[in-house]
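input.cif follows (mmCIF, C-alpha atoms):
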data_start
#
loop_
_atom_site.label_atom_id
_atom_site.label_comp_id
_atom_site.auth_asym_id
_atom_site.auth_seq_id
_atom_site.Cartn_x
_atom_site.Cartn_y
_atom_site.Cartn_z
CA MET A 1 -184.12 -19.69 -57.95
CA GLN A 2 -186.22 -22.25 -59.58
CA ARG A 3 -188.65 -23.88 -57.27
CA ALA A 4 -190.73 -26.75 -58.50
CA LEU A 5 -193.98 -27.21 -56.64
CA ILE A 6 -195.02 -30.78 -56.43
CA PHE A 7 -197.29 -32.96 -54.48
CA SER A 8 -195.63 -36.27 -55.02
CA SER A 9 -195.70 -39.66 -53.47
CA SER A 10 -193.24 -42.49 -53.55
CA ASN A 11 -191.47 -42.88 -56.79
CA PRO A 12 -190.02 -46.29 -57.44
CA ILE A 13 -189.09 -45.46 -61.01
CA TYR A 14 -187.20 -42.29 -60.05
CA SER A 15 -184.24 -44.04 -58.51
CA GLN A 16 -183.72 -46.02 -61.69
CA LEU A 17 -183.37 -42.82 -63.70
CA SER A 18 -180.50 -41.57 -61.61
CA THR A 19 -177.10 -42.50 -62.97
CA THR A 20 -174.78 -40.37 -60.87
CA ILE A 21 -173.03 -41.33 -57.67
CA ALA A 22 -174.54 -39.96 -54.49
CA PRO A 23 -172.71 -36.83 -53.33
CA PRO A 24 -171.00 -36.72 -49.95
CA ASP A 25 -173.08 -35.64 -47.00
CA SER A 26 -173.57 -31.90 -46.61
CA ALA A 27 -172.51 -31.31 -50.20
CA VAL A 28 -172.38 -27.60 -50.92
CA PHE A 29 -175.00 -26.35 -53.34
CA PRO A 30 -173.86 -24.82 -56.60
CA LYS A 31 -173.91 -21.02 -56.32
CA ARG A 32 -176.64 -19.39 -58.28
CA ASP A 33 -177.90 -15.88 -58.88
CA GLY A 34 -181.23 -14.58 -57.71
CA GLY A 35 -183.46 -15.85 -54.97
CA TRP A 36 -182.31 -13.82 -52.01
CA ILE A 37 -184.42 -12.54 -49.21
CA GLY A 38 -184.62 -8.95 -48.08
CA PRO A 39 -185.38 -7.75 -44.54
CA PHE A 40 -188.46 -9.52 -43.49
CA SER A 41 -191.50 -8.52 -41.55
CA SER A 42 -193.89 -11.02 -40.11
CA ASN A 43 -196.85 -9.10 -41.51
CA GLN A 44 -195.81 -9.66 -45.06
CA PRO A 45 -194.86 -12.75 -46.92
CA PRO A 46 -191.10 -13.01 -47.46
CA VAL A 47 -189.82 -11.06 -50.48
CA PHE A 48 -188.25 -13.09 -53.22
CA ARG A 49 -186.13 -11.72 -56.02
CA LEU A 50 -186.07 -14.50 -58.54
CA ARG A 51 -184.37 -14.80 -61.85
CA ASN A 52 -185.91 -17.04 -64.46
CA TYR A 53 -188.49 -18.15 -62.01
CA LYS A 54 -190.40 -20.98 -63.51
CA ARG A 55 -193.04 -22.94 -61.78
CA THR A 56 -192.73 -26.48 -62.99
CA LEU A 57 -194.42 -29.67 -62.06
CA LEU A 58 -192.30 -32.77 -62.15
CA PRO A 59 -193.52 -35.26 -64.73
CA PRO A 60 -195.59 -38.00 -63.13
CA LEU A 61 -193.16 -40.80 -62.43
CA CYS A 62 -195.47 -43.09 -60.55
CA SER A 63 -197.65 -45.44 -62.45
CA ALA A 64 -201.33 -44.65 -62.35
CA SER A 65 -202.00 -47.65 -60.14
CA ASP A 66 -199.32 -46.54 -57.67
CA SER A 67 -200.82 -43.10 -57.42
CA VAL A 68 -204.24 -44.52 -56.71
CA ALA A 69 -202.87 -46.83 -54.04
CA ASN A 70 -200.73 -44.14 -52.40
CA GLN A 71 -202.96 -41.14 -52.74
CA PRO A 72 -206.61 -42.12 -52.60
CA THR A 73 -207.63 -38.53 -52.12
CA MET A 74 -205.71 -37.18 -55.12
CA ALA A 75 -207.48 -36.88 -58.44
CA SER A 76 -204.33 -37.25 -60.52
CA GLN A 77 -200.58 -37.31 -60.13
CA ASP A 78 -199.86 -33.92 -61.65
CA GLU A 79 -202.59 -31.89 -60.03
CA GLN A 80 -201.22 -29.67 -57.33
CA ASP A 81 -203.06 -29.10 -54.10
CA PRO A 82 -203.97 -25.38 -53.95
CA ARG A 83 -202.45 -25.07 -50.48
CA ILE A 84 -198.96 -25.89 -51.73
CA SER A 85 -198.11 -22.58 -53.37
CA LYS A 86 -198.73 -20.58 -50.20
CA ILE A 87 -196.65 -23.05 -48.21
CA SER A 88 -193.81 -22.77 -50.69
CA SER A 89 -193.88 -18.99 -50.74
CA ALA A 90 -193.84 -18.87 -46.95
CA ILE A 91 -190.44 -20.53 -46.86
CA ARG A 92 -187.55 -18.10 -46.76
CA VAL A 93 -184.19 -18.72 -48.42
CA ILE A 94 -181.09 -17.41 -46.65
CA PRO A 95 -177.95 -17.35 -48.80
CA ASN A 96 -174.60 -18.43 -47.45
CA PHE A 97 -175.86 -20.08 -44.28
CA PRO A 98 -174.39 -21.93 -42.45
CA LYS A 99 -171.47 -21.45 -44.84
CA PRO A 100 -170.74 -19.78 -48.19
CA GLY A 101 -172.50 -21.29 -51.16
CA ILE A 102 -175.38 -22.86 -49.24
CA MET A 103 -178.89 -21.49 -49.88
CA PHE A 104 -180.57 -22.34 -46.58
CA GLN A 105 -184.26 -23.21 -46.68
CA ASP A 106 -185.70 -21.51 -43.60
CA ILE A 107 -189.03 -22.94 -42.46
CA THR A 108 -189.37 -20.58 -39.48
CA THR A 109 -191.21 -18.09 -41.68
CA LEU A 110 -193.71 -20.82 -42.52
CA LEU A 111 -194.38 -21.21 -38.78
CA LEU A 112 -195.28 -17.52 -38.59
CA ASP A 113 -198.05 -17.96 -41.15
CA THR A 114 -200.76 -19.65 -39.15
CA LYS A 115 -202.77 -20.80 -42.16
CA ALA A 116 -199.76 -22.10 -44.08
CA PHE A 117 -198.47 -23.97 -41.03
CA ARG A 118 -201.93 -25.46 -40.48
CA ASP A 119 -202.11 -26.46 -44.16
CA THR A 120 -198.66 -28.08 -43.99
CA ILE A 121 -199.75 -30.30 -41.12
CA ASP A 122 -203.12 -31.02 -42.75
CA LEU A 123 -201.48 -32.22 -45.95
CA PHE A 124 -199.47 -34.82 -44.03
CA VAL A 125 -202.39 -35.78 -41.78
CA GLU A 126 -204.70 -36.32 -44.75
CA ARG A 127 -202.14 -38.65 -46.25
CA TYR A 128 -201.43 -40.72 -43.14
CA ARG A 129 -204.65 -40.81 -41.14
CA GLY A 130 -206.31 -44.21 -41.03
CA LYS A 131 -203.25 -46.01 -42.37
CA ASP A 132 -202.51 -47.88 -39.13
CA ILE A 133 -199.38 -45.84 -38.40
CA SER A 134 -198.60 -45.99 -34.69
CA VAL A 135 -195.23 -44.16 -34.61
CA VAL A 136 -194.14 -40.75 -35.82
CA ALA A 137 -190.37 -40.35 -35.37
CA GLY A 138 -189.13 -36.77 -35.58
CA ILE A 139 -185.52 -35.77 -36.10
CA GLU A 140 -184.05 -33.17 -33.76
CA ALA A 141 -184.72 -30.29 -33.82
CA ARG A 142 -186.95 -29.15 -36.69
CA GLY A 143 -188.56 -32.56 -36.96
CA PHE A 144 -189.83 -31.85 -33.42
CA ILE A 145 -191.91 -28.98 -34.82
CA PHE A 146 -193.76 -30.92 -37.53
CA GLY A 147 -193.83 -34.42 -36.05
CA PRO A 148 -195.93 -33.92 -32.87
CA PRO A 149 -198.90 -32.16 -34.52
CA ILE A 150 -199.03 -34.95 -37.11
CA ALA A 151 -198.74 -37.64 -34.43
CA LEU A 152 -201.50 -36.07 -32.34
CA ALA A 153 -203.85 -35.82 -35.31
CA ILE A 154 -203.38 -39.41 -36.48
CA GLY A 155 -203.33 -40.91 -32.97
CA ALA A 156 -199.72 -42.09 -33.11
CA LYS A 157 -196.99 -41.80 -30.53
CA PHE A 158 -194.18 -39.32 -31.07
CA VAL A 159 -190.60 -40.57 -30.79
CA PRO A 160 -187.80 -37.98 -30.75
CA MET A 161 -184.60 -38.96 -32.58
CA ARG A 162 -181.83 -37.00 -30.92
CA LYS A 163 -178.22 -35.94 -31.01
CA PRO A 164 -175.96 -37.85 -28.63
CA ASN A 165 -176.32 -37.58 -24.84
CA LYS A 166 -179.64 -35.75 -24.88
CA LEU A 167 -181.98 -38.67 -24.20
CA PRO A 168 -181.88 -39.94 -20.60
CA GLY A 169 -182.01 -43.66 -19.91
CA GLU A 170 -181.14 -46.48 -22.26
CA VAL A 171 -180.67 -45.63 -25.94
CA ILE A 172 -179.54 -47.19 -29.17
CA SER A 173 -177.22 -45.19 -31.44
CA GLU A 174 -176.62 -45.04 -35.15
CA GLU A 175 -173.57 -43.35 -36.61
CA TYR A 176 -173.74 -41.58 -39.93
CA SER A 177 -171.35 -39.71 -42.20
CA LEU A 178 -170.96 -35.98 -42.51
CA GLU A 179 -168.93 -34.07 -45.06
CA TYR A 180 -166.08 -34.16 -42.53
CA GLY A 181 -166.35 -36.86 -39.91
CA THR A 182 -169.39 -38.53 -38.44
CA ASP A 183 -172.35 -37.78 -36.20
CA LYS A 184 -174.62 -39.96 -34.13
CA MET A 185 -178.37 -40.23 -33.73
CA GLU A 186 -180.06 -41.85 -30.73
CA MET A 187 -183.45 -43.34 -29.92
CA HIS A 188 -184.82 -44.62 -26.62
CA VAL A 189 -184.83 -48.36 -26.07
CA GLY A 190 -188.43 -49.48 -25.63
CA ALA A 191 -190.03 -46.47 -27.30
CA VAL A 192 -191.17 -48.58 -30.22
CA GLN A 193 -192.15 -52.25 -30.55
CA ALA A 194 -191.28 -54.70 -33.28
CA GLY A 195 -193.98 -54.72 -35.94
CA GLU A 196 -195.12 -51.15 -35.44
CA ARG A 197 -195.61 -49.01 -38.53
CA ALA A 198 -193.70 -45.73 -38.52
CA LEU A 199 -193.20 -42.45 -40.31
CA VAL A 200 -189.96 -40.48 -40.16
CA ILE A 201 -190.39 -36.70 -40.24
CA ASP A 202 -187.95 -33.87 -40.80
CA ASP A 203 -188.30 -30.37 -42.22
CA LEU A 204 -186.01 -31.05 -45.18
CA ILE A 205 -184.18 -33.85 -46.97
CA ALA A 206 -180.80 -32.95 -48.49
CA THR A 207 -178.38 -35.84 -48.97
CA GLY A 208 -180.59 -38.18 -46.95
CA GLY A 209 -177.87 -39.17 -44.47
CA THR A 210 -179.84 -38.18 -41.38
CA LEU A 211 -183.08 -39.75 -42.57
CA CYS A 212 -181.19 -42.91 -43.43
CA ALA A 213 -179.80 -43.12 -39.90
CA ALA A 214 -183.29 -42.69 -38.49
CA ILE A 215 -184.66 -45.45 -40.70
CA ARG A 216 -181.87 -47.78 -39.59
CA LEU A 217 -182.55 -47.10 -35.90
CA LEU A 218 -186.21 -48.00 -36.31
CA GLU A 219 -185.54 -51.06 -38.45
CA ARG A 220 -182.96 -52.36 -36.00
CA VAL A 221 -185.75 -52.79 -33.45
CA GLY A 222 -188.11 -54.40 -35.94
CA VAL A 223 -190.25 -51.42 -36.89
CA HIS A 224 -191.61 -51.10 -40.43
CA VAL A 225 -190.84 -47.63 -41.79
CA VAL A 226 -193.79 -46.93 -44.07
CA GLU A 227 -192.58 -43.58 -45.45
CA CYS A 228 -190.32 -40.60 -44.85
CA ALA A 229 -192.05 -37.24 -44.94
CA CYS A 230 -190.44 -33.82 -45.30
CA VAL A 231 -191.70 -30.35 -46.10
CA ILE A 232 -188.85 -29.70 -48.56
CA GLU A 233 -186.69 -31.83 -50.83
CA LEU A 234 -183.46 -30.73 -52.50
CA PRO A 235 -183.59 -33.16 -55.40
CA GLU A 236 -180.15 -32.32 -56.77
CA LEU A 237 -178.61 -33.86 -53.65
CA LYS A 238 -180.35 -37.16 -54.48
CA GLY A 239 -181.44 -37.91 -50.93
CA ARG A 240 -184.38 -39.86 -52.34
CA ASP A 241 -182.00 -42.38 -53.88
CA ARG A 242 -180.20 -42.78 -50.58
CA LEU A 243 -183.42 -44.02 -48.97
CA GLY A 244 -183.38 -47.06 -51.21
CA ASP A 245 -186.71 -48.79 -51.17
CA LYS A 246 -188.22 -46.42 -48.58
CA PRO A 247 -190.75 -44.02 -50.08
CA LEU A 248 -190.35 -40.28 -49.61
CA PHE A 249 -193.19 -37.79 -49.57
CA VAL A 250 -192.52 -34.05 -49.79
CA LEU A 251 -194.61 -30.94 -50.28
CA VAL A 252 -192.07 -28.70 -51.98
CA SER A 253 -189.07 -29.45 -54.16
CA SER A 254 -186.40 -26.78 -54.39
CA THR A 255 -183.74 -26.57 -57.11
CA MET B 1 -201.13 -21.73 -10.51
CA SER B 2 -201.11 -25.34 -11.55
CA ALA B 3 -203.65 -27.76 -12.89
CA TYR B 4 -202.40 -30.25 -10.32
CA ARG B 5 -204.04 -28.26 -7.60
CA ASP B 6 -207.15 -27.88 -9.72
CA LYS B 7 -207.42 -31.67 -9.79
CA ASP B 8 -208.41 -31.95 -13.43
CA PRO B 9 -209.12 -35.65 -13.98
CA ARG B 10 -206.61 -35.83 -16.83
CA ILE B 11 -203.69 -34.79 -14.66
CA HIS B 12 -203.20 -38.11 -12.97
CA GLY B 13 -202.87 -39.89 -16.30
CA ILE B 14 -200.31 -37.33 -17.48
CA GLN B 15 -198.28 -37.53 -14.31
CA SER B 16 -198.13 -41.32 -14.40
CA LYS B 17 -196.54 -41.16 -17.85
CA ILE B 18 -193.55 -39.07 -16.89
CA ARG B 19 -190.47 -41.11 -16.18
CA VAL B 20 -187.83 -40.10 -13.67
CA VAL B 21 -184.28 -41.07 -14.63
CA PRO B 22 -181.83 -40.84 -11.73
CA ASN B 23 -178.36 -39.36 -12.08
CA PHE B 24 -178.91 -37.77 -15.46
CA PRO B 25 -177.22 -35.75 -16.88
CA LYS B 26 -175.02 -35.99 -13.79
CA PRO B 27 -175.03 -37.64 -10.35
CA GLY B 28 -177.67 -36.35 -7.97
CA ILE B 29 -180.09 -35.05 -10.60
CA MET B 30 -183.45 -36.82 -10.91
CA PHE B 31 -184.27 -36.11 -14.55
CA GLN B 32 -187.94 -35.63 -15.45
CA ASP B 33 -188.27 -37.43 -18.78
CA ILE B 34 -191.32 -36.37 -20.81
CA THR B 35 -190.56 -38.69 -23.74
CA THR B 36 -192.62 -41.45 -22.12
CA LEU B 37 -195.57 -39.05 -22.05
CA LEU B 38 -195.22 -38.62 -25.82
CA LEU B 39 -195.58 -42.39 -26.26
CA ASP B 40 -199.13 -42.26 -24.89
CA PRO B 41 -201.29 -40.55 -27.52
CA LYS B 42 -204.14 -39.88 -25.11
CA ALA B 43 -201.94 -38.45 -22.36
CA PHE B 44 -200.02 -36.32 -24.86
CA LYS B 45 -203.28 -35.03 -26.31
CA ASP B 46 -204.62 -34.28 -22.82
CA THR B 47 -201.44 -32.31 -22.05
CA VAL B 48 -201.88 -30.14 -25.12
CA ASP B 49 -205.64 -29.80 -24.50
CA LEU B 50 -205.10 -28.49 -20.98
CA PHE B 51 -202.96 -25.65 -22.32
CA VAL B 52 -205.25 -24.99 -25.30
CA GLU B 53 -208.31 -24.74 -23.05
CA ARG B 54 -206.51 -22.16 -20.96
CA TYR B 55 -205.23 -19.98 -23.81
CA LYS B 56 -207.76 -20.24 -26.64
CA GLY B 57 -209.69 -17.03 -27.28
CA LYS B 58 -207.32 -14.93 -25.17
CA ASN B 59 -205.89 -12.98 -28.11
CA ILE B 60 -202.51 -14.64 -27.91
CA SER B 61 -200.78 -14.36 -31.27
CA VAL B 62 -197.34 -15.81 -30.42
CA VAL B 63 -196.27 -19.09 -28.88
CA ALA B 64 -192.51 -19.09 -28.29
CA GLY B 65 -190.99 -22.51 -27.67
CA ILE B 66 -187.58 -23.13 -26.18
CA GLU B 67 -185.27 -25.53 -28.00
CA ALA B 68 -185.64 -28.46 -28.07
CA ARG B 69 -188.43 -29.89 -25.90
CA GLY B 70 -190.40 -26.66 -26.14
CA PHE B 71 -190.59 -27.45 -29.86
CA ILE B 72 -192.62 -30.55 -29.03
CA PHE B 73 -195.33 -28.83 -26.95
CA GLY B 74 -195.36 -25.35 -28.45
CA PRO B 75 -196.46 -26.02 -32.05
CA PRO B 76 -199.54 -28.13 -31.23
CA ILE B 77 -200.68 -25.39 -28.83
CA ALA B 78 -199.95 -22.65 -31.39
CA LEU B 79 -201.86 -24.47 -34.12
CA GLU B 80 -204.92 -24.99 -31.93
CA ILE B 81 -205.13 -21.41 -30.65
CA GLY B 82 -204.32 -19.87 -34.04
CA ALA B 83 -201.01 -18.32 -32.98
CA LYS B 84 -197.69 -18.30 -34.76
CA PHE B 85 -194.89 -20.48 -33.44
CA VAL B 86 -191.53 -18.84 -32.78
CA PRO B 87 -188.57 -21.11 -31.99
CA LEU B 88 -186.09 -19.80 -29.44
CA ARG B 89 -182.79 -21.47 -30.17
CA LYS B 90 -179.25 -22.11 -29.03
CA PRO B 91 -176.66 -19.90 -30.74
CA LYS B 92 -176.01 -20.10 -34.48
CA LYS B 93 -178.94 -22.35 -35.32
CA LEU B 94 -181.28 -19.69 -36.69
CA PRO B 95 -180.30 -18.35 -40.11
CA GLY B 96 -180.63 -14.67 -40.89
CA ARG B 97 -180.77 -11.83 -38.40
CA VAL B 98 -181.28 -12.67 -34.73
CA ILE B 99 -181.23 -11.07 -31.32
CA SER B 100 -179.44 -12.87 -28.48
CA GLU B 101 -179.89 -13.00 -24.75
CA GLU B 102 -177.21 -14.43 -22.48
CA TYR B 103 -178.06 -16.19 -19.26
CA GLU B 104 -176.27 -17.88 -16.35
CA LEU B 105 -175.75 -21.60 -15.96
CA GLU B 106 -174.48 -23.38 -12.89
CA TYR B 107 -171.02 -23.19 -14.48
CA GLY B 108 -170.66 -20.55 -17.15
CA ARG B 109 -173.17 -18.93 -19.45
CA ASP B 110 -175.40 -19.85 -22.39
CA CYS B 111 -177.30 -17.90 -24.96
CA LEU B 112 -180.78 -17.97 -26.49
CA GLU B 113 -181.63 -16.44 -29.89
CA MET B 114 -184.77 -15.30 -31.67
CA HIS B 115 -185.31 -14.14 -35.25
CA LEU B 116 -185.64 -10.42 -35.84
CA GLY B 117 -189.03 -9.65 -37.31
CA ALA B 118 -190.68 -12.82 -36.03
CA VAL B 119 -192.63 -10.91 -33.40
CA GLU B 120 -194.18 -7.43 -33.64
CA PRO B 121 -194.42 -4.91 -30.80
CA GLY B 122 -197.64 -5.24 -28.89
CA GLU B 123 -198.22 -8.91 -29.66
CA GLN B 124 -199.33 -11.12 -26.78
CA ALA B 125 -197.06 -14.09 -26.25
CA LEU B 126 -196.74 -17.35 -24.34
CA VAL B 127 -193.43 -18.98 -23.58
CA VAL B 128 -193.54 -22.78 -23.55
CA ASP B 129 -191.05 -25.34 -22.32
CA ASP B 130 -191.35 -28.88 -20.96
CA LEU B 131 -190.01 -27.98 -17.51
CA ILE B 132 -189.02 -25.03 -15.34
CA ALA B 133 -186.12 -25.60 -12.95
CA THR B 134 -184.18 -22.48 -11.90
CA GLY B 135 -186.03 -20.35 -14.43
CA GLY B 136 -182.88 -19.07 -16.13
CA THR B 137 -183.85 -20.19 -19.63
CA LEU B 138 -187.44 -18.99 -19.35
CA CYS B 139 -186.20 -15.66 -18.07
CA ALA B 140 -183.92 -15.25 -21.08
CA ALA B 141 -186.82 -16.18 -23.36
CA MET B 142 -189.07 -13.56 -21.78
CA LYS B 143 -186.40 -10.92 -22.14
CA LEU B 144 -186.01 -11.63 -25.84
CA LEU B 145 -189.72 -11.15 -26.41
CA GLU B 146 -189.93 -8.04 -24.25
CA ARG B 147 -186.95 -6.48 -26.00
CA VAL B 148 -188.92 -6.46 -29.24
CA GLY B 149 -191.96 -5.04 -27.52
CA ALA B 150 -194.09 -8.15 -27.12
CA ASP B 151 -196.17 -8.65 -23.99
CA VAL B 152 -195.45 -11.99 -22.33
CA VAL B 153 -198.81 -13.04 -20.95
CA GLU B 154 -197.67 -16.23 -19.23
CA CYS B 155 -195.03 -18.94 -19.13
CA ALA B 156 -196.36 -22.47 -19.49
CA CYS B 157 -194.58 -25.71 -18.63
CA VAL B 158 -195.63 -29.30 -18.15
CA ILE B 159 -193.51 -29.69 -14.98
CA GLU B 160 -192.24 -27.35 -12.27
CA LEU B 161 -189.49 -28.13 -9.77
CA PRO B 162 -190.69 -25.74 -7.05
CA ASP B 163 -187.70 -26.35 -4.77
CA LEU B 164 -185.53 -24.56 -7.34
CA LYS B 165 -187.71 -21.43 -7.08
CA GLY B 166 -187.87 -20.75 -10.78
CA ARG B 167 -191.22 -19.06 -10.34
CA GLU B 168 -189.59 -16.25 -8.41
CA ARG B 169 -187.09 -15.66 -11.20
CA LEU B 170 -189.80 -14.66 -13.67
CA ASN B 171 -190.04 -11.03 -12.50
CA GLY B 172 -193.68 -11.31 -11.60
CA LYS B 173 -194.74 -12.95 -14.83
CA PRO B 174 -197.34 -15.64 -14.24
CA LEU B 175 -196.36 -19.28 -14.56
CA TYR B 176 -198.79 -22.09 -15.33
CA VAL B 177 -197.77 -25.71 -14.91
CA LEU B 178 -199.59 -29.00 -15.02
CA LEU B 179 -197.44 -30.88 -12.49
CA GLU B 180 -195.02 -30.24 -9.69
CA SER B 181 -192.15 -32.49 -8.73
CA HIS B 182 -190.38 -32.24 -5.40
#
Would you mind writing the structure in this file as structure tokens?
Amino acid sequence: MQRALIFSSSNPIYSQLSTTIAPPDSAVFPKRDGGWIGPFSSNQPPVFRLRNYKRTLLPPLCSASDSVANQPTMASQDEQDPRISKISSAIRVIPNFPKPGIMFQDITTLLLDTKAFRDTIDLFVERYRGKDISVVAGIEARGFIFGPPIALAIGAKFVPMRKPNKLPGEVISEEYSLEYGTDKMEMHVGAVQAGERALVIDDLIATGGTLCAAIRLLERVGVHVVECACVIELPELKGRDRLGDKPLFVLVSST
Amino acid sequence: MSAYRDKDPRIHGIQSKIRVVPNFPKPGIMFQDITTLLLDPKAFKDTVDLFVERYKGKNISVVAGIEARGFIFGPPIALEIGAKFVPLRKPKKLPGRVISEEYELEYGRDCLEMHLGAVEPGEQALVVDDLIATGGTLCAAMKLLERVGADVVECACVIELPDLKGRERLNGKPLYVLLESH
């Protein structure tokens, strides 16, 4: 499997380059050879068997002035933070989960590597600290793992975005499409105030349907979503395009 | 043992942030809602700090958090004490090979799963959740860890409902909570 390691910020030009229609939600990945994981022990990094493994950096698509404005701590757009490669290699790929043809990106192995997990959080915190962000919204359930440590470090509140009927008290709901049918995401009424600046966090962006629903929930109550942040992006599913004008920041891009 | 009895000055602030929602998820239940605690950055930080102060430097290498609210408190604690975080999940959420432990509900049964290979024999572990009620879920969590040879040092929750006697269900394992609610 080819895994491009990037450290990229928002990419206004990228969406203009895309000419294909967005795939349906939960689109099945194309099947590919290589990149399966053997039995795994927590004392070793996961074993990859890769075919034609190529480490590529995406070409810089932001203008130089954008990259300075968005990433004041980065020297240049196509330099990669040295922490990224360990984070990427700590992520395990499980073939045919939850159904045949899907190569599932499993972040639980990242959570077993204390340094890599720490580095993951640090990379987000370094980006968002001191940017007047008062809300970190995390999407159930894996967004609950990454969101709170980020929120605590930047002094923001944490707002869980949940499946239906989990949050007690008054909620607002947003429906979104799945491959077959729809699902619903809920947020507590009163958790956020109009005018607050928010991040939306999840472990991974695929088609972008879930992130989109989260953005809509926040915007409906007058919150400004500054950026969406995920550990992993699956660029072939064009989730980034689905976010429209909302920037997306990811640590690892997996093709 | 609970911090409430120890009268740490941060406890009152934490307690005041927890919202009680009546008749959720069904009539008669007074639901202890921790989401309002998460909206107060200082109170949330104090909550995590109280656990970190207790467990740092105690050679704990595993923090197991129970889906889903254990995922909110567990990782910050794990990161601060230098332990790995292991999610304990409802069935069919974890990819790859898992072990499962069934447990009783009021009506019927449920199941908790953990990844094979996440925890090594002999590791010292904490189990974290937002609340202990009857103790059924925490018990299942402990069993999963013990089945792979880990030593569960303590269970840690923000809130205990002592009237439901969950503490007794833990087979002698210690329980540490910040608050009690009667």
Exercise. Can you tell me, as a ChimeraX atom specification, what residues are no more than 6 Å from segment 59-71 of chain B when counting all atoms listed in the file, ignoring any on the same chain fewer than 6 positions away?
Worked result: /A:144-145 /B:78,83-89,124-130
For this session: Anything within 6 Å of (-199.3, -8.5, -29.0): list those residues as a VMD selection string, counting all atoms listed in the file and sticking to the file's coordinates.
Result: chain B and resid 122 to 124 150 to 151
For this session: Take the point (-187.7, -22.2, -11.3) in the file's coordinates, draw a sphere of radius 8 Å around it, and report as a count of residues only every protein, DNA or RNA residue with an atom inside or on it, counting all atoms listed in the file.
Result: 15
Specify as a PDB file with C-alpha atoms, in the frame of the given file all residues of chain A found within 8 Å of chain B, counting all atoms listed in the file.
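Output file selection-v5.pdb is given in full below:
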ATOM      1  CA  PHE A  40    -188.460  -9.520 -43.490  1.00  0.00           C
ATOM      2  CA  SER A  41    -191.500  -8.520 -41.550  1.00  0.00           C
ATOM      3  CA  SER A  42    -193.890 -11.020 -40.110  1.00  0.00           C
ATOM      4  CA  ILE A  94    -181.090 -17.410 -46.650  1.00  0.00           C
ATOM      5  CA  PHE A  97    -175.860 -20.080 -44.280  1.00  0.00           C
ATOM      6  CA  PRO A  98    -174.390 -21.930 -42.450  1.00  0.00           C
ATOM      7  CA  PHE A 104    -180.570 -22.340 -46.580  1.00  0.00           C
ATOM      8  CA  ASP A 106    -185.700 -21.510 -43.600  1.00  0.00           C
ATOM      9  CA  THR A 108    -189.370 -20.580 -39.480  1.00  0.00           C
ATOM     10  CA  THR A 109    -191.210 -18.090 -41.680  1.00  0.00           C
ATOM     11  CA  LEU A 111    -194.380 -21.210 -38.780  1.00  0.00           C
ATOM     12  CA  LEU A 112    -195.280 -17.520 -38.590  1.00  0.00           C
ATOM     13  CA  ASP A 113    -198.050 -17.960 -41.150  1.00  0.00           C
ATOM     14  CA  THR A 114    -200.760 -19.650 -39.150  1.00  0.00           C
ATOM     15  CA  PHE A 117    -198.470 -23.970 -41.030  1.00  0.00           C
ATOM     16  CA  ARG A 118    -201.930 -25.460 -40.480  1.00  0.00           C
ATOM     17  CA  GLU A 140    -184.050 -33.170 -33.760  1.00  0.00           C
ATOM     18  CA  ALA A 141    -184.720 -30.290 -33.820  1.00  0.00           C
ATOM     19  CA  ARG A 142    -186.950 -29.150 -36.690  1.00  0.00           C
ATOM     20  CA  PHE A 144    -189.830 -31.850 -33.420  1.00  0.00           C
ATOM     21  CA  ILE A 145    -191.910 -28.980 -34.820  1.00  0.00           C
ATOM     22  CA  PHE A 146    -193.760 -30.920 -37.530  1.00  0.00           C
ATOM     23  CA  PRO A 148    -195.930 -33.920 -32.870  1.00  0.00           C
ATOM     24  CA  PRO A 149    -198.900 -32.160 -34.520  1.00  0.00           C
ATOM     25  CA  ALA A 151    -198.740 -37.640 -34.430  1.00  0.00           C
ATOM     26  CA  LEU A 152    -201.500 -36.070 -32.340  1.00  0.00           C
ATOM     27  CA  GLY A 155    -203.330 -40.910 -32.970  1.00  0.00           C
ATOM     28  CA  ALA A 156    -199.720 -42.090 -33.110  1.00  0.00           C
ATOM     29  CA  LYS A 157    -196.990 -41.800 -30.530  1.00  0.00           C
ATOM     30  CA  PHE A 158    -194.180 -39.320 -31.070  1.00  0.00           C
ATOM     31  CA  VAL A 159    -190.600 -40.570 -30.790  1.00  0.00           C
ATOM     32  CA  PRO A 160    -187.800 -37.980 -30.750  1.00  0.00           C
ATOM     33  CA  PRO A 168    -181.880 -39.940 -20.600  1.00  0.00           C
ATOM     34  CA  GLY A 169    -182.010 -43.660 -19.910  1.00  0.00           C
ATOM     35  CA  ALA A 191    -190.030 -46.470 -27.300  1.00  0.00           C
TER      36      ALA A 191
END
Exercise. Counting only C-alpha atoms, what is within 8 Å of Asp202 of chain A, bar same-chain residues fewer than 2 positions away, as a list in words?
Worked result: Gly138, Ile139, Arg142, Gly143, Phe144, Phe146, Gly147, Val200, Leu204, Ile205, Leu211, Ala229, Cys230 and Val231 of chain A
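Between atom CA of Leu144 of chain B and atom CA of Lys163 of chain A the separation is 26.0 Å.
Between atom CA of Ile18 of chain B and atom CA of Leu178 of chain B there is a distance of 11.9 Å.
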Exercise. What is the atom CA of Phe51 of chain B to atom CA of Ala141 of chain B distance in Å?
Worked result: 18.7 Å
Problem set entry | Picked residues, the PyMOL selection byres ((chain A and resi 173-185) around 12), expected as a PyMOL selection string | chain A and resi 23-28+138-141+160-167+170-172+186-189+206-221
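Among the candidates B:Ile14, B:Val98, B:Glu113, B:Pro9, the residue lying nearest to Leu179 of chain B is B:Ile14 (atoms considered: all atoms listed in the file).
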Box for segment 137-141 of chain A - axis-aligned, 4 Å on each of the six sides, all listed atoms - centre and size in Å to one decimal, as lines of an AutoDock Vina configuration file.
center_x = -187.2
center_y = -35.3
center_z = -34.9
size_x = 14.3
size_y = 18.1
size_z = 10.3
